[in-house]
Structure formats: C-alpha cells, structure tokens
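First up is the structure itself, then whatever we jot down about it.
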Amino acid sequence: ASDKCIEDQFAIGFDQIVWDCGRSTLNYWSDLPNTTRSLERCGKDAIPKAWKALHTVLNQTCPLRRAIKVCRERNMPILGRLCMQRHYGSPGSQGDTSRFAAGNPQLHEVNKNGTMSLDKLCYAFDEVQQERIDILLEIQRIGVDALLLDWCRQTPILKYHPALVDPYIKKTGVDPRKIDTSNPDDYKEWFQYRADVLTRFVRKLRL
C-alpha cells in the first residue's frame, strides 16, 4: 500500500513526498526506549476498523524505511513529517496517545481557565522538548532528506501552564490569564514570549 501511494504520486508528476511519521504515537519502527508505536496501547479488539490496515502494516514492516527505499529508487526526495503538539489524551484515544504523554500529567498544558489541556504538552519543560528532539533526530538518522515540523495542527502550541505564566509575571508584572481585550496589541508581548520558547526549541534541534 505504501509503495503504491508513492508510485501513483510519482506517476502524475510529484517531485517529492512528505511522509507521516507520527503525532503523539509513531507510524514507524523506533529504537528509542520511551516512544510508543501507533495503536500499541490499544487492545487488539479495540482497534477502530479504519485503523486496522495501519496496525497490520506496522506489524509487518516499517512504513518509513519502506517509503525511503522506494523514493531512493525513483530519485524522489522524502521529507519526514512529525506533528509537534498532538497528544489526544481523552479516554477513548489511548491508541493515539503515547505512554510519555499519558504518564506525565504534570507536563500537560493548562488552559486559560486553569483546566488541563489533554491534547498538549508544555514546551517550557526540557523533557517535553527532548522527547520531540529525540524522535526528529531518529527520523533523520533513518534517512529522510529533510524534516518537516508540523506546528499547524491544533494551535496554539503553548497555553497557560504555570511554568510559562509564572516567569512571565515575574518579568512583566502582568498576568496573561487576565488579559481580556479585543485589541491584539495587548497580547503582543505575551505571544512573543511564548513564541520565543519555540524559537529556542528549534535552535536546540538545529544544534
């Protein structure tokens, strides 16, 4: 199935492939000790019908390595794509939620009203950043031509975890949870503060 996917796109003129490597869980065979393969935490009888084909393929072969081989044979660049902030977390989505995300509630983002954000982890924590960096570097080692960091799904990436909010209050004297205005300029400093966290993350990855 993965071969045909690439063959069909190659046949109609695509000159590169963006390959899905995973979200919270991974769609390839990882050697990292703390990663979780997609559907690994989902009991065999509980796998949704739409995902049974993926489960079968993942048990038989590594889709990423297979895709790289096929792309190499056609001289087609392949980019490894990883969702950077999609951890699901709801009770019915254990097959899509990594053990790392499920087992570390203290690392989950916090909404503006103080409730936990089940589908996001807070990038203010070094261990959250390192988990993604380890995966991205492994994808690179396996052999993709470039990495695609997918920040587009489920924005905003950072929210209101105390690990973000408390240093900001100390720095500016402003509690961002109390900003309530329709003027975007009033949010500018807080948004830039959060963006700087991701800038530092990307710089760390590039090192």
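Residues in the structure tokens are numbered from 1 in each chain, the chains being A, B, ... in the order shown, and ligands are numbered from 1 in the order shown.
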
Using the chain letters and numbers from this document, which residues of chain A does DSSP assign to strand (DSSP E), as an MDAnalysis selection string?
chainID A and resid 17:22 78:83 108:110 116:121 146:150

Save the residues we just selected, N, CA, C and O atoms, as a short mmCIF file (atom, residue, chain, number, x, y, z; two decimals), in the first residue's frame?
data_model
loop_
_atom_site.label_atom_id
_atom_site.label_comp_id
_atom_site.auth_asym_id
_atom_site.auth_seq_id
_atom_site.Cartn_x
_atom_site.Cartn_y
_atom_site.Cartn_z
N ILE A 17 8.00 13.78 -1.63
CA ILE A 17 6.98 13.17 -0.78
C ILE A 17 7.15 13.69 0.65
O ILE A 17 8.28 13.77 1.16
N VAL A 18 6.04 14.06 1.28
CA VAL A 18 6.03 14.35 2.71
C VAL A 18 5.40 13.14 3.40
O VAL A 18 4.23 12.81 3.13
N TRP A 19 6.17 12.46 4.25
CA TRP A 19 5.74 11.19 4.83
C TRP A 19 5.38 11.36 6.29
O TRP A 19 6.14 11.92 7.08
N ASP A 20 4.19 10.86 6.66
CA ASP A 20 3.70 10.97 8.03
C ASP A 20 4.46 10.01 8.95
O ASP A 20 4.33 8.80 8.84
N CYS A 21 5.23 10.56 9.88
CA CYS A 21 6.00 9.75 10.83
C CYS A 21 5.29 9.60 12.17
O CYS A 21 5.69 8.76 12.99
N GLY A 22 4.27 10.40 12.42
CA GLY A 22 3.52 10.24 13.65
C GLY A 22 3.07 11.54 14.27
O GLY A 22 3.35 12.64 13.77
N ILE A 78 12.32 12.68 0.07
CA ILE A 78 11.27 12.37 1.03
C ILE A 78 11.51 13.16 2.32
O ILE A 78 12.61 13.17 2.86
N LEU A 79 10.48 13.86 2.78
CA LEU A 79 10.55 14.67 3.99
C LEU A 79 9.79 13.95 5.09
O LEU A 79 8.66 13.48 4.89
N GLY A 80 10.39 13.84 6.26
CA GLY A 80 9.74 13.19 7.39
C GLY A 80 8.96 14.21 8.19
O GLY A 80 9.51 15.17 8.72
N ARG A 81 7.64 14.00 8.29
CA ARG A 81 6.76 14.96 8.97
C ARG A 81 6.36 14.42 10.34
O ARG A 81 5.95 13.27 10.48
N LEU A 82 6.48 15.27 11.35
CA LEU A 82 6.07 14.92 12.71
C LEU A 82 5.17 16.02 13.26
O LEU A 82 5.54 17.20 13.25
N CYS A 83 3.97 15.65 13.72
CA CYS A 83 3.12 16.63 14.41
C CYS A 83 3.77 16.98 15.74
O CYS A 83 4.15 16.09 16.51
N HIS A 108 1.36 18.40 31.04
CA HIS A 108 0.30 18.82 30.13
C HIS A 108 0.06 20.32 30.24
O HIS A 108 0.17 20.91 31.32
N GLU A 109 -0.28 20.91 29.10
CA GLU A 109 -0.59 22.33 29.07
C GLU A 109 -1.82 22.62 29.93
O GLU A 109 -2.60 21.72 30.27
N VAL A 110 -1.97 23.89 30.26
CA VAL A 110 -3.08 24.35 31.08
C VAL A 110 -3.83 25.43 30.30
O VAL A 110 -3.21 26.33 29.72
N MET A 116 -6.80 21.38 32.72
CA MET A 116 -5.72 20.72 31.98
C MET A 116 -6.12 20.57 30.51
O MET A 116 -7.25 20.25 30.18
N SER A 117 -5.15 20.79 29.63
CA SER A 117 -5.33 20.56 28.20
C SER A 117 -4.84 19.15 27.89
O SER A 117 -3.64 18.88 27.89
N LEU A 118 -5.75 18.23 27.65
CA LEU A 118 -5.40 16.82 27.50
C LEU A 118 -4.54 16.55 26.27
O LEU A 118 -3.75 15.61 26.25
N ASP A 119 -4.68 17.37 25.23
CA ASP A 119 -4.04 17.05 23.95
C ASP A 119 -2.72 17.77 23.73
O ASP A 119 -2.14 17.66 22.64
N LYS A 120 -2.21 18.49 24.73
CA LYS A 120 -0.98 19.26 24.54
C LYS A 120 -0.04 19.08 25.74
O LYS A 120 -0.50 18.94 26.88
N LEU A 121 1.26 19.11 25.45
CA LEU A 121 2.28 19.14 26.50
C LEU A 121 2.97 20.49 26.45
O LEU A 121 3.03 21.13 25.40
N ALA A 146 14.86 15.58 4.61
CA ALA A 146 14.63 16.78 5.41
C ALA A 146 13.54 16.48 6.43
O ALA A 146 12.81 15.50 6.31
N LEU A 147 13.45 17.32 7.44
CA LEU A 147 12.43 17.19 8.47
C LEU A 147 11.37 18.26 8.27
O LEU A 147 11.67 19.41 7.95
N LEU A 148 10.11 17.87 8.48
CA LEU A 148 9.01 18.82 8.43
C LEU A 148 8.35 18.84 9.81
O LEU A 148 7.74 17.86 10.21
N LEU A 149 8.52 19.93 10.53
CA LEU A 149 7.94 20.08 11.85
C LEU A 149 6.55 20.69 11.69
O LEU A 149 6.42 21.86 11.31
N ASP A 150 5.52 19.90 11.95
CA ASP A 150 4.15 20.35 11.71
C ASP A 150 3.61 21.03 12.97
O ASP A 150 3.12 20.39 13.89
#

Within 10 Å of stretch 132-144 of chain A, which residues of stretch 154-204 of chain A show up? Give each one with its shortest atom-to-atom distance in Å (one decimal) and the two atoms involved, counting only C-alpha atoms, rows by chain then rising residue number, as a tab-separated table.
residue	atom	partner	partner_atom	distance
A:Phe201	CA	A:Ile133	CA	8.7
A:Val202	CA	A:Ile133	CA	9.0
A:Lys204	CA	A:Ile133	CA	8.5

Residue subset to file, keeping all heavy atoms, as a PDB file, in the first residue's frame:
ATOM      1  N   PHE A 201      13.610  26.213  21.098  1.00  0.00           N
ATOM      2  CA  PHE A 201      13.499  24.781  20.814  1.00  0.00           C
ATOM      3  C   PHE A 201      14.086  24.453  19.444  1.00  0.00           C
ATOM      4  O   PHE A 201      14.875  23.503  19.300  1.00  0.00           O
ATOM      5  CB  PHE A 201      12.036  24.347  20.871  1.00  0.00           C
ATOM      6  CG  PHE A 201      11.789  22.988  20.276  1.00  0.00           C
ATOM      7  CD1 PHE A 201      12.029  21.842  21.005  1.00  0.00           C
ATOM      8  CD2 PHE A 201      11.333  22.864  18.968  1.00  0.00           C
ATOM      9  CE1 PHE A 201      11.816  20.581  20.450  1.00  0.00           C
ATOM     10  CE2 PHE A 201      11.116  21.617  18.406  1.00  0.00           C
ATOM     11  CZ  PHE A 201      11.363  20.477  19.144  1.00  0.00           C
ATOM     12  N   VAL A 202      13.714  25.200  18.430  1.00  0.00           N
ATOM     13  CA  VAL A 202      14.200  24.932  17.073  1.00  0.00           C
ATOM     14  C   VAL A 202      15.707  25.134  16.997  1.00  0.00           C
ATOM     15  O   VAL A 202      16.417  24.373  16.327  1.00  0.00           O
ATOM     16  CB  VAL A 202      13.461  25.814  16.048  1.00  0.00           C
ATOM     17  CG1 VAL A 202      14.063  25.633  14.648  1.00  0.00           C
ATOM     18  CG2 VAL A 202      11.977  25.466  16.025  1.00  0.00           C
ATOM     19  N   LYS A 204      17.786  24.615  19.414  1.00  0.00           N
ATOM     20  CA  LYS A 204      18.371  23.451  20.084  1.00  0.00           C
ATOM     21  C   LYS A 204      18.364  22.259  19.130  1.00  0.00           C
ATOM     22  O   LYS A 204      19.341  21.502  19.059  1.00  0.00           O
ATOM     23  CB  LYS A 204      17.567  23.120  21.345  1.00  0.00           C
ATOM     24  CG  LYS A 204      18.174  22.007  22.191  1.00  0.00           C
ATOM     25  CD  LYS A 204      17.235  21.566  23.311  1.00  0.00           C
ATOM     26  CE  LYS A 204      16.913  22.682  24.263  1.00  0.00           C
ATOM     27  NZ  LYS A 204      16.059  22.178  25.415  1.00  0.00           N
TER      28      LYS A 204
END

Enumerate the residues of chain A with a DSSP assignment of helix (DSSP H, G or I), computed from the backbone, and present them as a PyMOL selection string.
chain A and resi 2-11+44-46+49-60+63-73+91-96+99-102+105-107+126-142+162-172+176-178+184-206

Applying 9 Å and only C-alpha atoms, which residues near A:Val70 remain after dropping the ones on its own chain fewer than 5 positions away? List them as an NGL selection string.
:A and (3 or 6-7 or 65 or 75-76)

Kindly indicate which residue among A:Phe125, A:Phe100, A:Tyr160, A:Trp29 lies nearest to A:Asn113, using only C-alpha atoms for the distances.
A:Tyr160

Please list as a list in words every residue within 12 Å of A:Leu198, counting only C-alpha atoms and excluding residues in the same chain fewer than 3 positions away.
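So, after excluding close chain neighbours, the residues are Met84, Gln85, Cys122, Tyr123, Ala124, Phe125, Asp126, Val128, Gln129, Leu149, Trp151, Pro156, Ile157, Leu158, Phe191, Gln192, Tyr193, Arg194, Ala195, Phe201, Val202, Arg203, Lys204 and Leu205 of chain A.
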
From A:Trp51, A:Cys42, A:Ile12, A:Asn59, residue lying nearest A:Tyr28 [only C-alpha atoms]:
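Of A:Trp51, A:Cys42, A:Ile12, A:Asn59, the one nearest A:Tyr28 is A:Asn59, counting only C-alpha atoms.
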
What separation in Å, quoted to one decimal, exists between atom CA of A:Val174 and atom CA of A:Gln154?
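Between atom CA of A:Val174 and atom CA of A:Gln154 the gap is 26.1 Å.
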
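Across the model, the gap from atom CA of A:Leu58 to atom CA of A:Arg74 is 23.3 Å.
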
Separation of atom CA of A:Phe14 from atom CA of A:Pro77, in Å and rounded to one decimal:
10.2 Å

Between A:Cys5, A:Ile47, A:Leu64, A:Leu54, which is the closest to A:Gln94 once you count only C-alpha atoms?
A:Ile47
